[in-house]
Amino acid sequence: MKITGNMVNYYFVCERKLWLFSHQIQFENENENVKLGKMLDESSYGRNEKHVMLDNVVNLDMLEDWSIIHEIKKTRAIEPAAEWQLKYYMYYLEQKGIQVQKGILDYPRLKQRFEYILTEEDRLKLKEYLDNIKKIVTQKTAPKRIEQSICKSCAYYEYCYI
Ligand code: SF4
C-alpha cells in the first residue's frame, strides 16, 4: 500500500477523513491548495527545488540541497499532523538512502518556522503509525464521525453531516 504524506496528516486529524481520502472520496478545497502553491512559487525560497514528487507517494513542498525538507502550512491549527507528515517525508527519504539533515515547518503567513530532526524514537513511532494507517484504510467501512469543532472546516463536512 502506498502511504502518502496527506494520509499521515489525516491520521492525526480524523481516522474517518483518512479512510474517505484513501477510498478516493476527495473534496479537498482546490482553491486553498492553489493559493498555497502560488504563495510558495512567489516566495523567496530561491533556486531550491519546489513541489518535488517522489515515487508518486511523497510530494515535498520544497527540497533544499537534497538535505532539508520544507513543508508549508497556512495555519498552526493541527500542528501534530503537520509535524508527523514532515517526519514521514524525512523517514521516507532516509529509507531511500537520502541523508536528510532536518525538516522545517514553514508558516509564511505567520512568519514562523520550526525545525525538526528525526530521532530513533520518531522512527519507531512512525512504524507504529504506518501500521495503524494500513489497518484503518483496509477496514470495510469508514470509521465514525469524530464530532469535533474541526469538522466545520473539513472538506468532508457536508458528506459527514448533511
Ligand atoms: S467532517 Fe469531521 S468526522 Fe467527517 S471527515 Fe471531517 S473531521 Fe472527520
# chains A, B, ... in the order shown; residues from 1 in each chain; ligands from 1

$ residues_around --residues "Lys87 of chain A" --least-positions-apart "6" --cutoff "10 Å" --atoms "only C-alpha atoms" --output "number ranges by chain"
A: 5, 8, 69, 71, 81, 93, 102-104, 116-119, 122-123, 126

$ residues_near_ligand --ligand "ligand 1" --cutoff "7 Å" --atoms "only C-alpha atoms and all ligand atoms" --output "list in words"
Val13, Cys14, Glu15, Arg16, Lys17, Lys144, Arg145, Ile146, Glu147, Gln148, Ile150, Cys151, Lys152, Cys154, Ala155, Tyr156, Tyr157 and Cys160 of chain A

$ residues_around --residues "Leu63 of chain A" --least-positions-apart "6" --cutoff "10 Å" --atoms "only C-alpha atoms" --output "list in words"
Asn48, Glu49, Lys50, His51, Val52, Ile69, His70, Glu71, Val100 and Gly103 of chain A

$ write_last_selection --atoms "C-alpha atoms" --output "PDB file, in the first residue's frame"
ATOM      1  CA  ASN A  48      15.572  25.342  -4.368  1.00  0.00           C
ATOM      2  CA  GLU A  49      13.505  22.516  -5.803  1.00  0.00           C
ATOM      3  CA  LYS A  50       9.801  23.101  -5.246  1.00  0.00           C
ATOM      4  CA  HIS A  51       6.940  20.606  -5.498  1.00  0.00           C
ATOM      5  CA  VAL A  52       9.153  17.523  -5.569  1.00  0.00           C
ATOM      6  CA  ILE A  69      12.726  19.275   3.569  1.00  0.00           C
ATOM      7  CA  HIS A  70      10.268  22.143   3.870  1.00  0.00           C
ATOM      8  CA  GLU A  71       6.560  21.628   4.490  1.00  0.00           C
ATOM      9  CA  VAL A 100      18.184  14.251   5.429  1.00  0.00           C
ATOM     10  CA  GLY A 103      12.824  19.196   8.277  1.00  0.00           C
TER      11      GLY A 103
END

$ residues_around --residues "Val57 of chain A" --least-positions-apart "2" --cutoff "12 Å" --atoms "only C-alpha atoms" --output "PyMOL selection string"
chain A and resi 1-8+52-55+59-60+88-89+92-93

$ write_last_selection --atoms "N, CA and C atoms" --output "PDB file, in the first residue's frame"
ATOM      1  N   MET A   1       0.831  -1.198   0.000  1.00  0.00           N
ATOM      2  CA  MET A   1       0.000   0.000   0.000  1.00  0.00           C
ATOM      3  C   MET A   1       0.873   1.259   0.000  1.00  0.00           C
ATOM      4  N   LYS A   2       0.516   2.212  -0.857  1.00  0.00           N
ATOM      5  CA  LYS A   2       1.261   3.476  -0.880  1.00  0.00           C
ATOM      6  C   LYS A   2       0.673   4.414   0.163  1.00  0.00           C
ATOM      7  N   ILE A   3       1.496   4.865   1.075  1.00  0.00           N
ATOM      8  CA  ILE A   3       1.015   5.806   2.096  1.00  0.00           C
ATOM      9  C   ILE A   3       1.591   7.178   1.774  1.00  0.00           C
ATOM     10  N   THR A   4       0.703   8.111   1.499  1.00  0.00           N
ATOM     11  CA  THR A   4       1.155   9.451   1.133  1.00  0.00           C
ATOM     12  C   THR A   4       1.270  10.327   2.389  1.00  0.00           C
ATOM     13  N   GLY A   5       1.911  11.474   2.208  1.00  0.00           N
ATOM     14  CA  GLY A   5       2.034  12.425   3.320  1.00  0.00           C
ATOM     15  C   GLY A   5       0.671  12.897   3.802  1.00  0.00           C
ATOM     16  N   ASN A   6      -0.257  13.110   2.878  1.00  0.00           N
ATOM     17  CA  ASN A   6      -1.607  13.533   3.273  1.00  0.00           C
ATOM     18  C   ASN A   6      -2.256  12.485   4.164  1.00  0.00           C
ATOM     19  N   MET A   7      -2.026  11.215   3.851  1.00  0.00           N
ATOM     20  CA  MET A   7      -2.632  10.146   4.657  1.00  0.00           C
ATOM     21  C   MET A   7      -2.080  10.181   6.082  1.00  0.00           C
ATOM     22  N   VAL A   8      -0.778  10.423   6.215  1.00  0.00           N
ATOM     23  CA  VAL A   8      -0.191  10.514   7.558  1.00  0.00           C
ATOM     24  C   VAL A   8      -0.799  11.715   8.286  1.00  0.00           C
ATOM     25  N   VAL A  52       8.401  18.711  -5.165  1.00  0.00           N
ATOM     26  CA  VAL A  52       9.153  17.523  -5.569  1.00  0.00           C
ATOM     27  C   VAL A  52       8.319  16.267  -5.267  1.00  0.00           C
ATOM     28  N   MET A  53       7.974  15.526  -6.316  1.00  0.00           N
ATOM     29  CA  MET A  53       7.191  14.298  -6.141  1.00  0.00           C
ATOM     30  C   MET A  53       8.123  13.101  -6.250  1.00  0.00           C
ATOM     31  N   LEU A  54       8.075  12.208  -5.254  1.00  0.00           N
ATOM     32  CA  LEU A  54       8.911  11.009  -5.295  1.00  0.00           C
ATOM     33  C   LEU A  54       8.026   9.769  -5.325  1.00  0.00           C
ATOM     34  N   ASP A  55       8.236   8.912  -6.292  1.00  0.00           N
ATOM     35  CA  ASP A  55       7.529   7.624  -6.393  1.00  0.00           C
ATOM     36  C   ASP A  55       6.005   7.774  -6.442  1.00  0.00           C
ATOM     37  N   ASN A  59       5.040  14.097  -1.741  1.00  0.00           N
ATOM     38  CA  ASN A  59       5.025  15.327  -2.518  1.00  0.00           C
ATOM     39  C   ASN A  59       5.584  16.445  -1.634  1.00  0.00           C
ATOM     40  N   LEU A  60       6.855  16.738  -1.818  1.00  0.00           N
ATOM     41  CA  LEU A  60       7.520  17.699  -0.934  1.00  0.00           C
ATOM     42  C   LEU A  60       7.281  19.116  -1.439  1.00  0.00           C
ATOM     43  N   TYR A  88       7.433  12.006   8.398  1.00  0.00           N
ATOM     44  CA  TYR A  88       7.262  10.867   7.474  1.00  0.00           C
ATOM     45  C   TYR A  88       8.073  11.103   6.204  1.00  0.00           C
ATOM     46  N   TYR A  89       8.060  12.320   5.684  1.00  0.00           N
ATOM     47  CA  TYR A  89       8.865  12.630   4.490  1.00  0.00           C
ATOM     48  C   TYR A  89      10.349  12.399   4.776  1.00  0.00           C
ATOM     49  N   TYR A  92      10.897   8.703   4.880  1.00  0.00           N
ATOM     50  CA  TYR A  92      10.758   8.102   3.546  1.00  0.00           C
ATOM     51  C   TYR A  92      12.044   8.309   2.739  1.00  0.00           C
ATOM     52  N   LEU A  93      12.559   9.521   2.778  1.00  0.00           N
ATOM     53  CA  LEU A  93      13.801   9.796   2.039  1.00  0.00           C
ATOM     54  C   LEU A  93      14.967   9.017   2.624  1.00  0.00           C
TER      55      LEU A  93
END

$ select_by_dssp --residues "chain A" --states "helix (DSSP H, G or I)" --output "PDB file with C-alpha atoms, in the first residue's frame"
ATOM      1  CA  GLY A   5       2.034  12.425   3.320  1.00  0.00           C
ATOM      2  CA  ASN A   6      -1.607  13.533   3.273  1.00  0.00           C
ATOM      3  CA  MET A   7      -2.632  10.146   4.657  1.00  0.00           C
ATOM      4  CA  VAL A   8      -0.191  10.514   7.558  1.00  0.00           C
ATOM      5  CA  ASN A   9      -1.533  14.024   8.163  1.00  0.00           C
ATOM      6  CA  TYR A  10      -5.156  12.858   8.162  1.00  0.00           C
ATOM      7  CA  TYR A  11      -4.362  10.016  10.557  1.00  0.00           C
ATOM      8  CA  PHE A  12      -3.740  12.683  13.181  1.00  0.00           C
ATOM      9  CA  VAL A  13      -6.763  14.758  12.205  1.00  0.00           C
ATOM     10  CA  GLU A  15      -9.463   8.423  11.024  1.00  0.00           C
ATOM     11  CA  ARG A  16     -12.681   8.815   9.057  1.00  0.00           C
ATOM     12  CA  LYS A  17     -11.055  11.520   6.917  1.00  0.00           C
ATOM     13  CA  LEU A  18      -8.089   9.222   6.313  1.00  0.00           C
ATOM     14  CA  TRP A  19     -10.404   6.414   5.249  1.00  0.00           C
ATOM     15  CA  LEU A  20     -12.546   8.604   2.948  1.00  0.00           C
ATOM     16  CA  PHE A  21      -9.497  10.178   1.316  1.00  0.00           C
ATOM     17  CA  SER A  22      -7.876   6.778   0.783  1.00  0.00           C
ATOM     18  CA  GLU A  30      -8.716  23.190  -4.548  1.00  0.00           C
ATOM     19  CA  ASN A  31      -8.798  26.969  -4.247  1.00  0.00           C
ATOM     20  CA  GLU A  32      -6.885  26.908  -0.992  1.00  0.00           C
ATOM     21  CA  ASN A  33      -4.346  24.436  -2.364  1.00  0.00           C
ATOM     22  CA  VAL A  34      -3.829  26.550  -5.465  1.00  0.00           C
ATOM     23  CA  LYS A  35      -3.376  29.664  -3.322  1.00  0.00           C
ATOM     24  CA  LEU A  36      -0.813  27.902  -1.157  1.00  0.00           C
ATOM     25  CA  GLY A  37       1.104  26.678  -4.204  1.00  0.00           C
ATOM     26  CA  LYS A  38       1.145  30.208  -5.621  1.00  0.00           C
ATOM     27  CA  MET A  39       2.394  31.586  -2.324  1.00  0.00           C
ATOM     28  CA  LEU A  40       5.222  29.049  -2.403  1.00  0.00           C
ATOM     29  CA  ASP A  41       6.125  29.890  -6.000  1.00  0.00           C
ATOM     30  CA  GLU A  79       0.385  21.068  14.308  1.00  0.00           C
ATOM     31  CA  PRO A  80       0.987  17.421  15.321  1.00  0.00           C
ATOM     32  CA  ALA A  81      -0.462  16.347  11.955  1.00  0.00           C
ATOM     33  CA  ALA A  82       1.889  18.677  10.103  1.00  0.00           C
ATOM     34  CA  GLU A  83       4.854  17.629  12.232  1.00  0.00           C
ATOM     35  CA  TRP A  84       4.332  13.898  11.577  1.00  0.00           C
ATOM     36  CA  GLN A  85       3.675  14.483   7.894  1.00  0.00           C
ATOM     37  CA  LEU A  86       7.052  16.213   7.714  1.00  0.00           C
ATOM     38  CA  LYS A  87       8.763  13.494   9.758  1.00  0.00           C
ATOM     39  CA  TYR A  88       7.262  10.867   7.474  1.00  0.00           C
ATOM     40  CA  TYR A  89       8.865  12.630   4.490  1.00  0.00           C
ATOM     41  CA  MET A  90      12.208  12.646   6.317  1.00  0.00           C
ATOM     42  CA  TYR A  91      11.804   8.947   7.116  1.00  0.00           C
ATOM     43  CA  TYR A  92      10.758   8.102   3.546  1.00  0.00           C
ATOM     44  CA  LEU A  93      13.801   9.796   2.039  1.00  0.00           C
ATOM     45  CA  GLU A  94      16.041   8.183   4.626  1.00  0.00           C
ATOM     46  CA  GLN A  95      14.682   4.755   3.604  1.00  0.00           C
ATOM     47  CA  GLU A 120      15.232   6.922  16.817  1.00  0.00           C
ATOM     48  CA  GLU A 121      12.057   7.288  18.872  1.00  0.00           C
ATOM     49  CA  ASP A 122      10.386   9.057  15.915  1.00  0.00           C
ATOM     50  CA  ARG A 123      11.327   6.171  13.608  1.00  0.00           C
ATOM     51  CA  LEU A 124       9.760   3.638  15.979  1.00  0.00           C
ATOM     52  CA  LYS A 125       6.618   5.735  16.377  1.00  0.00           C
ATOM     53  CA  LEU A 126       6.342   6.189  12.609  1.00  0.00           C
ATOM     54  CA  LYS A 127       6.466   2.430  12.074  1.00  0.00           C
ATOM     55  CA  GLU A 128       3.586   2.061  14.537  1.00  0.00           C
ATOM     56  CA  TYR A 129       1.599   4.904  12.900  1.00  0.00           C
ATOM     57  CA  LEU A 130       2.107   3.448   9.405  1.00  0.00           C
ATOM     58  CA  ASP A 131       0.823   0.054  10.621  1.00  0.00           C
ATOM     59  CA  ASN A 132      -2.219   1.763  12.145  1.00  0.00           C
ATOM     60  CA  ILE A 133      -2.865   3.672   8.912  1.00  0.00           C
ATOM     61  CA  LYS A 134      -2.823   0.424   6.932  1.00  0.00           C
ATOM     62  CA  LYS A 135      -5.331  -1.120   9.359  1.00  0.00           C
ATOM     63  CA  ILE A 136      -7.689   1.861   9.124  1.00  0.00           C
ATOM     64  CA  VAL A 137      -7.531   2.121   5.339  1.00  0.00           C
ATOM     65  CA  SER A 149     -15.274  21.588  16.102  1.00  0.00           C
ATOM     66  CA  ILE A 150     -12.640  20.895  13.454  1.00  0.00           C
ATOM     67  CA  CYS A 151     -15.376  19.195  11.376  1.00  0.00           C
ATOM     68  CA  LYS A 152     -16.793  22.598  10.445  1.00  0.00           C
ATOM     69  CA  SER A 153     -13.715  23.440   8.404  1.00  0.00           C
ATOM     70  CA  TYR A 157     -18.274  18.260   6.442  1.00  0.00           C
ATOM     71  CA  GLU A 158     -21.283  18.033   4.118  1.00  0.00           C
ATOM     72  CA  TYR A 159     -20.544  14.384   3.380  1.00  0.00           C
ATOM     73  CA  CYS A 160     -20.412  13.536   7.082  1.00  0.00           C
ATOM     74  CA  TYR A 161     -23.217  15.694   8.482  1.00  0.00           C
TER      75      TYR A 161
END

$ closest_residue --among "A:Thr75, A:Ser67, A:Gln26, A:Thr141" --to "Pro108 of chain A" --atoms "only C-alpha atoms"
A:Thr75
